[in-house]
file data35.txt (compact mmCIF, C-alpha atoms and all ligand atoms)
# COMPACT_ATOMS: atom_id res chain seq x y z
CA MET A 293 46.14 55.79 152.92
CA ILE A 294 47.93 53.79 155.62
CA LEU A 295 51.18 54.78 157.35
CA VAL A 296 53.11 51.73 158.51
CA GLU A 297 56.35 51.72 160.47
CA GLU A 298 56.96 47.98 160.92
CA LYS A 299 58.31 45.93 158.06
CA ASN A 300 56.43 42.79 159.13
CA LYS A 301 53.08 44.59 159.07
CA THR A 302 53.97 46.02 155.65
CA ARG A 303 54.76 42.51 154.41
CA GLU A 304 51.35 41.24 155.62
CA ILE A 305 49.49 44.02 153.79
CA ILE A 306 51.48 43.45 150.60
CA LYS A 307 50.80 39.69 150.82
CA GLU A 308 47.09 40.35 151.01
CA TRP A 309 47.22 42.71 148.00
CA LYS A 310 49.21 40.17 146.02
CA SER A 311 46.67 37.43 146.85
CA LYS A 312 44.01 39.66 145.28
CA GLY A 313 46.12 40.06 142.14
CA TYR A 314 46.88 43.77 142.57
CA SER A 315 49.94 45.20 140.83
CA ILE A 316 52.24 47.21 143.08
CA GLY A 317 54.15 50.36 142.16
CA PHE A 318 56.90 51.52 144.50
CA ILE A 319 58.85 54.74 145.02
CA PRO A 320 61.72 54.64 147.52
CA THR A 321 62.45 58.07 149.00
CA MET A 322 64.26 59.74 151.87
CA GLY A 323 61.25 62.01 152.41
CA TYR A 324 61.11 65.81 152.27
CA LEU A 325 59.06 65.17 149.16
CA HIS A 326 59.00 67.71 146.33
CA ARG A 327 57.66 68.13 142.79
CA GLY A 328 60.23 65.66 141.48
CA HIS A 329 58.83 62.92 143.74
CA LEU A 330 55.31 64.05 142.87
CA SER A 331 55.88 63.42 139.17
CA LEU A 332 57.15 59.89 139.98
CA MET A 333 54.13 59.28 142.20
CA GLU A 334 51.68 60.51 139.54
CA LYS A 335 53.20 58.21 136.93
CA ALA A 336 53.26 55.26 139.33
CA ARG A 337 49.66 55.98 140.36
CA ARG A 338 48.53 55.73 136.74
CA GLU A 339 50.41 52.49 136.10
CA ASN A 340 49.61 50.35 139.17
CA ASP A 341 46.67 49.15 141.31
CA LYS A 342 48.47 49.89 144.56
CA LEU A 343 51.07 52.58 145.22
CA VAL A 344 53.66 52.34 148.01
CA VAL A 345 56.11 55.13 148.97
CA SER A 346 58.89 54.51 151.47
CA ILE A 347 60.24 57.34 153.58
CA PHE A 348 63.54 56.42 155.19
CA VAL A 349 66.66 58.54 155.61
CA ASN A 350 69.13 55.73 155.13
CA PRO A 351 72.13 56.21 157.45
CA ILE A 352 74.42 53.79 155.62
CA GLN A 353 74.49 55.85 152.41
CA PHE A 354 75.90 58.91 154.19
CA GLY A 355 79.64 59.30 154.79
CA PRO A 356 80.97 60.36 158.22
CA ASN A 357 81.29 64.00 157.11
CA GLU A 358 77.99 64.14 155.25
CA ASP A 359 74.59 65.53 156.17
CA TYR A 360 72.73 62.54 157.72
CA ASP A 361 71.79 64.38 160.93
CA LYS A 362 70.75 67.57 159.23
CA TYR A 363 69.13 65.96 156.16
CA PRO A 364 65.75 67.77 155.86
CA ARG A 365 62.74 65.92 157.28
CA ASP A 366 59.03 66.85 157.14
CA MET A 367 56.78 63.87 157.78
CA ALA A 368 53.61 65.98 158.04
CA GLY A 369 54.28 67.61 154.65
CA ASP A 370 55.20 64.24 153.12
CA ILE A 371 51.94 62.68 154.30
CA GLU A 372 49.96 65.53 152.70
CA MET A 373 51.78 65.14 149.40
CA CYS A 374 51.23 61.37 149.40
CA LYS A 375 47.53 61.90 150.14
CA SER A 376 47.25 64.31 147.21
CA VAL A 377 48.10 61.52 144.75
CA ASN A 378 46.26 58.74 146.57
CA VAL A 379 49.25 56.77 147.75
CA ASP A 380 47.94 53.55 149.34
CA LEU A 381 50.75 52.91 151.82
CA ILE A 382 53.64 54.91 153.25
CA PHE A 383 56.33 52.67 154.68
CA ALA A 384 58.36 54.69 157.19
CA PRO A 385 60.53 52.31 159.20
CA SER A 386 62.87 53.18 162.03
CA VAL A 387 66.61 52.64 161.62
CA SER A 388 66.48 49.81 164.18
CA ASP A 389 63.72 48.02 162.25
CA MET A 390 65.71 48.25 159.02
CA TYR A 391 69.18 47.38 160.35
CA LYS A 392 70.18 44.94 163.00
CA THR A 393 73.35 45.89 164.84
CA SER A 394 74.70 42.52 163.67
CA ASN A 395 74.12 43.39 159.97
CA GLN A 396 76.84 41.76 157.84
CA VAL A 397 75.43 41.61 154.31
CA TYR A 398 75.70 44.51 151.87
CA VAL A 399 75.06 44.87 148.15
CA ASP A 400 77.97 46.33 146.26
CA VAL A 401 77.64 47.02 142.54
CA GLU A 402 81.26 46.98 141.41
CA LYS A 403 82.70 49.38 138.82
CA LEU A 404 79.46 51.32 138.24
CA GLY A 405 79.58 52.31 141.92
CA ASP A 406 83.23 53.37 141.85
CA VAL A 407 83.04 56.27 139.36
CA LEU A 408 81.45 59.76 139.30
CA CYS A 409 79.69 60.31 142.67
CA GLY A 410 80.94 56.90 143.86
CA ALA A 411 84.55 58.06 143.53
CA LYS A 412 83.76 61.10 145.67
CA ARG A 413 81.40 59.54 148.23
CA GLU A 414 83.01 56.32 149.44
CA GLY A 415 80.48 53.64 150.36
CA HIS A 416 77.52 55.76 149.21
CA PHE A 417 76.24 53.42 146.50
CA ARG A 418 76.83 50.35 148.66
CA GLY A 419 74.45 51.96 151.16
CA VAL A 420 71.94 52.83 148.41
CA SER A 421 71.97 49.37 146.78
CA THR A 422 71.70 47.63 150.14
CA VAL A 423 68.69 49.63 151.33
CA VAL A 424 66.95 49.42 147.94
CA ALA A 425 67.47 45.63 147.86
CA LYS A 426 65.97 45.37 151.36
CA LEU A 427 63.04 47.60 150.37
CA PHE A 428 62.41 45.52 147.24
CA ASN A 429 62.36 42.38 149.41
CA ILE A 430 59.87 43.93 151.84
CA ILE A 431 57.55 45.57 149.26
CA SER A 432 57.89 43.07 146.35
CA PRO A 433 56.88 45.72 143.78
CA ASP A 434 56.08 45.00 140.15
CA LYS A 435 57.50 48.38 139.15
CA ALA A 436 59.85 50.76 140.97
CA TYR A 437 60.36 54.37 139.88
CA PHE A 438 63.67 56.30 139.97
CA GLY A 439 64.47 59.85 138.84
CA GLU A 440 67.12 60.50 136.20
CA LYS A 441 68.62 63.32 138.27
CA ASP A 442 70.39 60.57 140.20
CA TYR A 443 71.35 58.93 136.92
CA GLN A 444 74.20 56.86 138.35
CA GLN A 445 71.90 55.55 141.09
CA LEU A 446 69.38 54.53 138.41
CA VAL A 447 72.03 52.64 136.39
CA ILE A 448 73.33 50.90 139.53
CA ILE A 449 69.87 49.81 140.65
CA LYS A 450 69.08 48.49 137.17
CA LYS A 451 72.31 46.47 137.25
CA MET A 452 71.54 45.14 140.72
CA VAL A 453 68.06 44.06 139.61
CA ASP A 454 69.51 42.37 136.56
CA ASP A 455 72.46 40.65 138.25
CA LEU A 456 70.55 39.51 141.36
CA ASP A 457 67.40 38.44 139.44
CA PHE A 458 64.94 40.70 141.21
CA ASP A 459 61.56 40.16 139.58
CA LEU A 460 60.52 43.75 138.88
CA GLU A 461 60.76 46.52 136.34
CA ILE A 462 62.74 49.72 136.94
CA ILE A 463 61.03 52.77 135.46
CA PRO A 464 63.27 55.81 134.79
CA CYS A 465 61.62 59.23 135.16
CA ALA A 466 62.82 62.49 133.60
CA ILE A 467 64.47 65.24 135.70
CA VAL A 468 61.98 67.80 137.01
CA ARG A 469 63.25 71.40 137.02
CA GLU A 470 62.22 74.71 138.54
CA GLU A 471 61.04 77.29 136.00
CA ASP A 472 64.52 78.81 135.83
CA GLY A 473 66.13 75.42 135.13
CA LEU A 474 67.45 74.34 138.55
CA ALA A 475 67.01 70.57 138.95
CA ILE A 476 64.66 69.95 141.89
CA SER A 477 66.32 68.31 144.91
CA SER A 478 65.64 68.09 148.65
CA ARG A 479 69.12 69.58 149.16
CA ASN A 480 68.06 72.83 147.43
CA SER A 481 66.45 73.69 150.77
CA TYR A 482 69.96 74.21 152.23
CA LEU A 483 70.69 77.08 149.82
CA SER A 484 70.60 80.70 150.95
CA ARG A 485 68.97 83.19 148.57
CA GLU A 486 72.35 84.08 147.11
CA GLU A 487 73.36 80.42 146.76
CA ARG A 488 70.03 79.56 145.14
CA LYS A 489 70.82 82.11 142.41
CA ALA A 490 74.36 80.78 142.07
CA ALA A 491 73.09 77.19 141.77
CA LEU A 492 71.61 78.03 138.38
CA ILE A 493 75.12 77.76 137.01
CA LEU A 494 74.83 73.95 136.93
CA ALA A 495 71.92 73.93 134.47
CA GLU A 496 73.41 76.85 132.53
CA SER A 497 76.79 75.17 132.06
CA LEU A 498 75.11 71.96 130.93
CA SER A 499 72.96 73.91 128.52
CA ARG A 500 76.09 75.48 126.97
CA ALA A 501 77.57 72.01 126.53
CA ARG A 502 74.39 70.67 124.97
CA GLN A 503 74.30 73.57 122.48
CA ALA A 504 77.89 72.84 121.47
CA MET A 505 77.08 69.15 121.04
CA ILE A 506 73.96 69.91 119.01
CA GLY A 507 76.21 72.16 116.92
CA GLY A 508 78.42 69.13 116.21
CA GLU A 509 81.15 69.32 118.87
CA ARG A 510 82.35 65.77 119.61
CA ASP A 511 85.64 66.31 121.43
CA VAL A 512 85.11 65.51 125.09
CA SER A 513 87.95 67.68 126.40
CA ILE A 514 86.51 70.71 124.56
CA ILE A 515 83.04 70.02 125.96
CA LYS A 516 84.44 69.61 129.48
CA ASN A 517 86.24 72.96 129.07
CA ILE A 518 83.02 74.65 128.04
CA ILE A 519 81.33 73.41 131.23
CA THR A 520 84.31 74.14 133.49
CA ASN A 521 84.73 77.67 132.11
CA GLU A 522 81.07 78.41 132.62
CA LEU A 523 81.10 77.04 136.18
CA SER A 524 84.22 79.09 136.97
CA GLN A 525 82.26 82.30 136.22
CA GLU A 526 80.30 81.70 139.44
CA PRO A 527 82.36 82.64 142.53
CA LEU A 528 80.22 80.50 144.88
CA ALA A 529 80.67 77.34 142.77
CA VAL A 530 83.41 74.81 143.50
CA ILE A 531 83.60 71.95 141.00
CA ASP A 532 83.59 68.41 142.40
CA TYR A 533 83.57 66.79 138.96
CA VAL A 534 82.65 67.36 135.32
CA GLU A 535 82.43 64.07 133.39
CA LEU A 536 81.31 62.68 130.05
CA VAL A 537 80.82 58.90 130.13
CA ASP A 538 78.95 56.31 128.12
CA ALA A 539 75.43 56.16 129.52
CA ILE A 540 75.38 52.38 130.08
CA GLU A 541 78.75 51.36 131.56
CA LEU A 542 79.60 54.88 132.84
CA ARG A 543 83.08 54.56 131.31
CA PRO A 544 84.99 57.71 130.25
CA VAL A 545 84.96 58.49 126.53
CA ALA A 546 87.30 60.67 124.47
CA ARG A 547 84.76 61.46 121.77
CA VAL A 548 80.99 61.72 121.79
CA SER A 549 79.31 58.83 120.03
CA GLU A 550 76.05 56.98 120.77
CA ARG A 551 74.46 57.65 124.17
CA ILE A 552 76.50 59.87 126.49
CA LEU A 553 75.89 61.01 130.05
CA VAL A 554 77.12 64.53 130.72
CA ALA A 555 77.24 64.91 134.52
CA VAL A 556 78.41 67.53 136.99
CA ALA A 557 78.72 67.72 140.77
CA VAL A 558 79.33 71.17 142.20
CA PHE A 559 79.51 72.60 145.71
CA ILE A 560 77.52 75.79 146.12
CA GLY A 561 78.70 76.92 149.52
CA LYS A 562 78.52 73.77 151.65
CA THR A 563 75.80 72.15 149.54
CA ARG A 564 76.80 69.56 146.97
CA LEU A 565 74.45 69.58 143.96
CA ILE A 566 74.38 67.27 140.93
CA ASP A 567 72.85 67.62 137.49
CA ASN A 568 73.13 65.90 134.12
CA PHE A 569 71.74 65.31 130.68
CA ILE A 570 71.82 62.47 128.20
CA PHE A 571 72.99 63.16 124.66
CA GLU A 572 72.24 60.80 121.78
CA ALA A 573 74.79 61.34 119.00
O1 LIG A 601 67.34 58.70 145.89
C1 LIG A 601 67.10 58.57 147.11
O2 LIG A 601 66.31 59.31 147.69
C2 LIG A 601 67.79 57.46 147.90
O3 LIG A 601 69.08 57.24 147.46
C3 LIG A 601 66.99 56.13 147.92
C4 LIG A 601 66.86 55.54 146.53
C5 LIG A 601 65.61 56.38 148.49
C6 LIG A 601 67.71 55.10 148.81
O4 LIG A 601 67.82 55.55 150.12
call {"tool": "encode", "arguments": {"input": "data35.txt", "output": "C-alpha cells"}}
result
Amino acid sequence: MILVEEKNKTREIIKEWKSKGYSIGFIPTMGYLHRGHLSLMEKARRENDKLVVSIFVNPIQFGPNEDYDKYPRDMAGDIEMCKSVNVDLIFAPSVSDMYKTSNQVYVDVEKLGDVLCGAKREGHFRGVSTVVAKLFNIISPDKAYFGEKDYQQLVIIKKMVDDLDFDLEIIPCAIVREEDGLAISSRNSYLSREERKAALILAESLSRARQAMIGGERDVSIIKNIITNELSQEPLAVIDYVELVDAIELRPVARVSERILVAVAVFIGKTRLIDNFIFEA
C-alpha cells in the first residue's frame, strides 16, 4: 500500500495503472475510518483491480459554526484499516494542494442540494460536490462507492456525474449499523455515554415509522407525527428535521407511493446525527 500526499504523484501512478488496463475502485472519505467505510472498502476490493481511498477533511463543506477544526482525525488508525483490506493507494492531500487561494470554480447541484440537510447547512453540498468532482478528476475511477447513510449526498453525486458526463459508475452501499441499531458515523465519537444511549432514538423512531408503513399507513403527516412523537420522548434529542420525500428528486410528498426516503436529522447534545430508510410502496 502506498500513501501519497501530492495530487500530481497520484495522477502519475493512476496513469501507469490505466496503461496496464487495471480497473480502479475509489472511496472518498474524510478519514476516522469505521466499519461503515470498511464495508465499502471490502465491496470495492472485490470489484476492482486497484483500490484507492482518499482521506481529506474538506474545509469547504463545513459551515463557519461547524466542526471542521474538531472533526476527528486518526491517520495511524486509518492506515491500519486500509492495510487490513489491501487498499493499494491512500491519497491524503493537504488543503493547499487541493485548493488554490485563487479558487473560483465550484460545483453546485441545484434543487437537490437545497433541501433536507442542504436547507440546514448552507453551502455544504456545494463543498461536497466540488471536492468529489476534483477527486474524480485526480483519481479517474471506474467505480466510486458511497454509503446510503448520506443518502442526499449519494443522490447529488449521481446527478453531478450524470449532468457533467463523468465517465464512472456510482455504487450505493447499504447503511451499516451498530448491534443496537445506531447508524455508524465518525461523529458518534463525539457522544458521551449518556448521549450515545439517547442517540438510539433516531433508529427507533424510524423503525416505528417503517412498521406503520408496512402496516399500510400512507399519510405522510401521520408518519411524520409518529417519528416526531417518538423523538420527543428523548430529552436529549432536538429535532432538526423529519422529512418524507420521493427518493429520486427529493421532493416532498403528501402520500406514500413508489420509492420514498424517510430521513431525520437530530441534535443529540451538540452533535448533529442523521439517519434514514427507503420505503418501496
Ligand atoms: O461523506 C464524506 O465523508 C464526505 O462528504 C466526502 C464524500 C468524502 C467528501 O468530502
call {"tool": "atom_distance", "arguments": {"input": "data35.txt", "atom1": "atom CA of Met367 of chain A", "atom2": "atom CA of Cys465 of chain A"}}
result
23.6 Å
call {"tool": "residues_around", "arguments": {"input": "data35.txt", "residues": "Val512 of chain A", "least_positions_apart": "6", "cutoff": "12 Å", "atoms": "only C-alpha atoms", "output": "PyMOL selection string"}}
result
chain A and resi 501-502+504-505+518-519+534-538+544-549+552-554
call {"tool": "closest_atom_pairs", "arguments": {"input": "data35.txt", "of": "chain A", "to": "ligand LIG 601 (chain A)", "cutoff": "6 Å", "atoms": "all atoms listed in the file", "output": "JSON lines"}}
result
{"residue": "A:Pro320", "atom": "CA", "partner": "A:LIG601", "partner_atom": "C5", "distance": 4.4}
{"residue": "A:Thr321", "atom": "CA", "partner": "A:LIG601", "partner_atom": "C5", "distance": 3.6}
{"residue": "A:Met322", "atom": "CA", "partner": "A:LIG601", "partner_atom": "O2", "distance": 4.7}
{"residue": "A:Asn350", "atom": "CA", "partner": "A:LIG601", "partner_atom": "O4", "distance": 5.2}
{"residue": "A:Val420", "atom": "CA", "partner": "A:LIG601", "partner_atom": "C6", "distance": 4.8}
{"residue": "A:Val424", "atom": "CA", "partner": "A:LIG601", "partner_atom": "C6", "distance": 5.8}
call {"tool": "closest_residue", "arguments": {"input": "data35.txt", "among": "A:Val407, A:Leu325, A:Ile352, A:Leu381", "to": "Gly369 of chain A", "atoms": "only C-alpha atoms"}}
result
A:Leu325
call {"tool": "residues_around", "arguments": {"input": "data35.txt", "residues": "Ala368 of chain A", "least_positions_apart": "6", "cutoff": "12 Å", "atoms": "all atoms listed in the file", "output": "ChimeraX atom specification"}}
result
/A:295,323-325,347,374-375
call {"tool": "atom_distance", "arguments": {"input": "data35.txt", "atom1": "atom CA of Gly317 of chain A", "atom2": "atom CA of Leu343 of chain A"}}
result
4.9 Å
call {"tool": "atom_distance", "arguments": {"input": "data35.txt", "atom1": "atom CA of Glu470 of chain A", "atom2": "atom CA of Asn340 of chain A"}}
result
27.4 Å
call {"tool": "closest_residue", "arguments": {"input": "data35.txt", "among": "A:Pro385, A:Gly419, A:Gly405, A:Gly473", "to": "Tyr443 of chain A", "atoms": "all atoms listed in the file"}}
result
A:Gly405
call {"tool": "closest_atom_pairs", "arguments": {"input": "data35.txt", "of": "segment 328-406 of chain A", "to": "segment 560-565 of chain A", "cutoff": "12 Å", "atoms": "only C-alpha atoms", "output": "Markdown table"}}
result
| residue | atom | partner | partner_atom | distance |
| --- | --- | --- | --- | --- |
| A:Asn357 | CA | A:Lys562 | CA | 11.5 |
| A:Glu358 | CA | A:Arg564 | CA | 10.0 |
| A:Asp359 | CA | A:Thr563 | CA | 9.4 |
| A:Lys362 | CA | A:Thr563 | CA | 11.8 |
| A:Tyr363 | CA | A:Thr563 | CA | 11.3 |
call {"tool": "closest_residue", "arguments": {"input": "data35.txt", "among": "A:Ile506, A:Ile449, A:Val349, A:Ile431", "to": "Ile305 of chain A", "atoms": "only C-alpha atoms"}}
result
A:Ile431
call {"tool": "closest_residue", "arguments": {"input": "data35.txt", "among": "A:Phe417, A:Tyr314, A:Tyr482, A:Tyr533", "to": "Val447 of chain A", "atoms": "all atoms listed in the file"}}
result
A:Phe417
call {"tool": "axis_aligned_box", "arguments": {"input": "data35.txt", "around": "segment 562-567 of chain A", "padding_each_side": "3 Å", "output": "AutoDock Vina command-line options"}}
result
--center_x 75.7 --center_y 70.5 --center_z 144.6 --size_x 11.7 --size_y 12.5 --size_z 20.2
call {"tool": "residues_around", "arguments": {"input": "data35.txt", "residues": "Glu471 of chain A", "least_positions_apart": "4", "cutoff": "12 Å", "atoms": "only C-alpha atoms", "output": "list in words"}}
result
Arg327, Ala475, Ile476, Leu492 and Ala495 of chain A
call {"tool": "write_last_selection", "arguments": {"input": "data35.txt", "atoms": "C-alpha atoms", "output": "PDB file, keeping the file's coordinate frame"}}
result
ATOM      1  CA  ARG A 327      57.660  68.130 142.790  1.00  0.00           C
ATOM      2  CA  ALA A 475      67.010  70.570 138.950  1.00  0.00           C
ATOM      3  CA  ILE A 476      64.660  69.950 141.890  1.00  0.00           C
ATOM      4  CA  LEU A 492      71.610  78.030 138.380  1.00  0.00           C
ATOM      5  CA  ALA A 495      71.920  73.930 134.470  1.00  0.00           C
TER       6      ALA A 495
END
call {"tool": "closest_residue", "arguments": {"input": "data35.txt", "among": "A:Tyr437, A:Phe354, A:Tyr391, A:Phe559", "to": "His416 of chain A", "atoms": "only C-alpha atoms"}}
result
A:Phe354
call {"tool": "decode", "arguments": {"input": "data35.txt", "residues": "segment 542-565 of chain A", "atoms": "N, CA, C and O atoms", "output": "PDB file, in the first residue's frame"}}
result
ATOM      1  N   LEU A 542     -36.061  14.071  -4.426  1.00  0.00           N
ATOM      2  CA  LEU A 542     -36.077  14.582  -3.046  1.00  0.00           C
ATOM      3  C   LEU A 542     -37.145  15.659  -2.850  1.00  0.00           C
ATOM      4  O   LEU A 542     -36.949  16.615  -2.098  1.00  0.00           O
ATOM      5  N   ARG A 543     -38.282  15.493  -3.573  1.00  0.00           N
ATOM      6  CA  ARG A 543     -39.366  16.475  -3.411  1.00  0.00           C
ATOM      7  C   ARG A 543     -40.364  15.975  -2.376  1.00  0.00           C
ATOM      8  O   ARG A 543     -40.652  14.768  -2.307  1.00  0.00           O
ATOM      9  N   PRO A 544     -40.916  16.905  -1.554  1.00  0.00           N
ATOM     10  CA  PRO A 544     -41.880  16.485  -0.524  1.00  0.00           C
ATOM     11  C   PRO A 544     -43.087  15.785  -1.146  1.00  0.00           C
ATOM     12  O   PRO A 544     -43.493  16.121  -2.253  1.00  0.00           O
ATOM     13  N   VAL A 545     -43.626  14.821  -0.423  1.00  0.00           N
ATOM     14  CA  VAL A 545     -44.832  14.119  -0.895  1.00  0.00           C
ATOM     15  C   VAL A 545     -45.877  14.197   0.215  1.00  0.00           C
ATOM     16  O   VAL A 545     -45.536  14.319   1.393  1.00  0.00           O
ATOM     17  N   ALA A 546     -47.152  14.116  -0.178  1.00  0.00           N
ATOM     18  CA  ALA A 546     -48.226  14.148   0.821  1.00  0.00           C
ATOM     19  C   ALA A 546     -48.642  12.733   1.199  1.00  0.00           C
ATOM     20  O   ALA A 546     -49.070  12.473   2.330  1.00  0.00           O
ATOM     21  N   ARG A 547     -48.493  11.823   0.207  1.00  0.00           N
ATOM     22  CA  ARG A 547     -48.835  10.424   0.479  1.00  0.00           C
ATOM     23  C   ARG A 547     -47.696   9.529   0.011  1.00  0.00           C
ATOM     24  O   ARG A 547     -46.955   9.884  -0.910  1.00  0.00           O
ATOM     25  N   VAL A 548     -47.579   8.384   0.644  1.00  0.00           N
ATOM     26  CA  VAL A 548     -46.507   7.451   0.300  1.00  0.00           C
ATOM     27  C   VAL A 548     -46.915   6.651  -0.926  1.00  0.00           C
ATOM     28  O   VAL A 548     -47.933   5.960  -0.917  1.00  0.00           O
ATOM     29  N   SER A 549     -46.129   6.805  -1.991  1.00  0.00           N
ATOM     30  CA  SER A 549     -46.316   5.936  -3.157  1.00  0.00           C
ATOM     31  C   SER A 549     -44.944   5.768  -3.792  1.00  0.00           C
ATOM     32  O   SER A 549     -44.089   6.652  -3.670  1.00  0.00           O
ATOM     33  N   GLU A 550     -44.717   4.668  -4.445  1.00  0.00           N
ATOM     34  CA  GLU A 550     -43.415   4.343  -5.055  1.00  0.00           C
ATOM     35  C   GLU A 550     -42.269   4.350  -4.023  1.00  0.00           C
ATOM     36  O   GLU A 550     -42.441   3.892  -2.914  1.00  0.00           O
ATOM     37  N   ARG A 551     -41.148   4.961  -4.422  1.00  0.00           N
ATOM     38  CA  ARG A 551     -39.929   4.881  -3.590  1.00  0.00           C
ATOM     39  C   ARG A 551     -39.766   6.157  -2.784  1.00  0.00           C
ATOM     40  O   ARG A 551     -39.590   7.242  -3.337  1.00  0.00           O
ATOM     41  N   ILE A 552     -39.803   6.007  -1.444  1.00  0.00           N
ATOM     42  CA  ILE A 552     -39.807   7.176  -0.560  1.00  0.00           C
ATOM     43  C   ILE A 552     -38.578   7.139   0.352  1.00  0.00           C
ATOM     44  O   ILE A 552     -38.223   6.081   0.887  1.00  0.00           O
ATOM     45  N   LEU A 553     -37.962   8.310   0.513  1.00  0.00           N
ATOM     46  CA  LEU A 553     -36.893   8.441   1.508  1.00  0.00           C
ATOM     47  C   LEU A 553     -37.497   9.021   2.784  1.00  0.00           C
ATOM     48  O   LEU A 553     -38.145  10.073   2.747  1.00  0.00           O
ATOM     49  N   VAL A 554     -37.307   8.305   3.881  1.00  0.00           N
ATOM     50  CA  VAL A 554     -37.734   8.819   5.188  1.00  0.00           C
ATOM     51  C   VAL A 554     -36.441   9.204   5.914  1.00  0.00           C
ATOM     52  O   VAL A 554     -35.588   8.352   6.166  1.00  0.00           O
ATOM     53  N   ALA A 555     -36.267  10.516   6.195  1.00  0.00           N
ATOM     54  CA  ALA A 555     -34.969  10.984   6.696  1.00  0.00           C
ATOM     55  C   ALA A 555     -35.156  11.865   7.918  1.00  0.00           C
ATOM     56  O   ALA A 555     -36.100  12.656   7.991  1.00  0.00           O
ATOM     57  N   VAL A 556     -34.218  11.715   8.866  1.00  0.00           N
ATOM     58  CA  VAL A 556     -34.247  12.587  10.046  1.00  0.00           C
ATOM     59  C   VAL A 556     -32.852  13.151  10.304  1.00  0.00           C
ATOM     60  O   VAL A 556     -31.836  12.529   9.978  1.00  0.00           O
ATOM     61  N   ALA A 557     -32.834  14.359  10.854  1.00  0.00           N
ATOM     62  CA  ALA A 557     -31.594  14.945  11.386  1.00  0.00           C
ATOM     63  C   ALA A 557     -31.940  15.423  12.782  1.00  0.00           C
ATOM     64  O   ALA A 557     -32.944  16.118  12.976  1.00  0.00           O
ATOM     65  N   VAL A 558     -31.126  15.033  13.749  1.00  0.00           N
ATOM     66  CA  VAL A 558     -31.451  15.296  15.156  1.00  0.00           C
ATOM     67  C   VAL A 558     -30.170  15.675  15.900  1.00  0.00           C
ATOM     68  O   VAL A 558     -29.132  15.036  15.707  1.00  0.00           O
ATOM     69  N   PHE A 559     -30.246  16.729  16.696  1.00  0.00           N
ATOM     70  CA  PHE A 559     -29.126  17.050  17.578  1.00  0.00           C
ATOM     71  C   PHE A 559     -29.253  16.223  18.841  1.00  0.00           C
ATOM     72  O   PHE A 559     -30.310  16.219  19.483  1.00  0.00           O
ATOM     73  N   ILE A 560     -28.170  15.528  19.184  1.00  0.00           N
ATOM     74  CA  ILE A 560     -28.092  14.881  20.493  1.00  0.00           C
ATOM     75  C   ILE A 560     -26.998  15.648  21.220  1.00  0.00           C
ATOM     76  O   ILE A 560     -25.813  15.533  20.866  1.00  0.00           O
ATOM     77  N   GLY A 561     -27.390  16.477  22.167  1.00  0.00           N
ATOM     78  CA  GLY A 561     -26.425  17.435  22.717  1.00  0.00           C
ATOM     79  C   GLY A 561     -25.998  18.360  21.588  1.00  0.00           C
ATOM     80  O   GLY A 561     -26.828  18.880  20.856  1.00  0.00           O
ATOM     81  N   LYS A 562     -24.664  18.484  21.406  1.00  0.00           N
ATOM     82  CA  LYS A 562     -24.171  19.375  20.344  1.00  0.00           C
ATOM     83  C   LYS A 562     -23.960  18.631  19.026  1.00  0.00           C
ATOM     84  O   LYS A 562     -23.562  19.222  18.029  1.00  0.00           O
ATOM     85  N   THR A 563     -24.143  17.304  19.049  1.00  0.00           N
ATOM     86  CA  THR A 563     -23.805  16.501  17.872  1.00  0.00           C
ATOM     87  C   THR A 563     -25.019  16.303  16.971  1.00  0.00           C
ATOM     88  O   THR A 563     -26.068  15.828  17.426  1.00  0.00           O
ATOM     89  N   ARG A 564     -24.857  16.664  15.703  1.00  0.00           N
ATOM     90  CA  ARG A 564     -25.966  16.508  14.756  1.00  0.00           C
ATOM     91  C   ARG A 564     -25.817  15.155  14.052  1.00  0.00           C
ATOM     92  O   ARG A 564     -24.804  14.887  13.398  1.00  0.00           O
ATOM     93  N   LEU A 565     -26.840  14.298  14.220  1.00  0.00           N
ATOM     94  CA  LEU A 565     -26.797  12.966  13.615  1.00  0.00           C
ATOM     95  C   LEU A 565     -27.891  12.862  12.562  1.00  0.00           C
ATOM     96  O   LEU A 565     -28.953  13.484  12.696  1.00  0.00           O
TER      97      LEU A 565
END
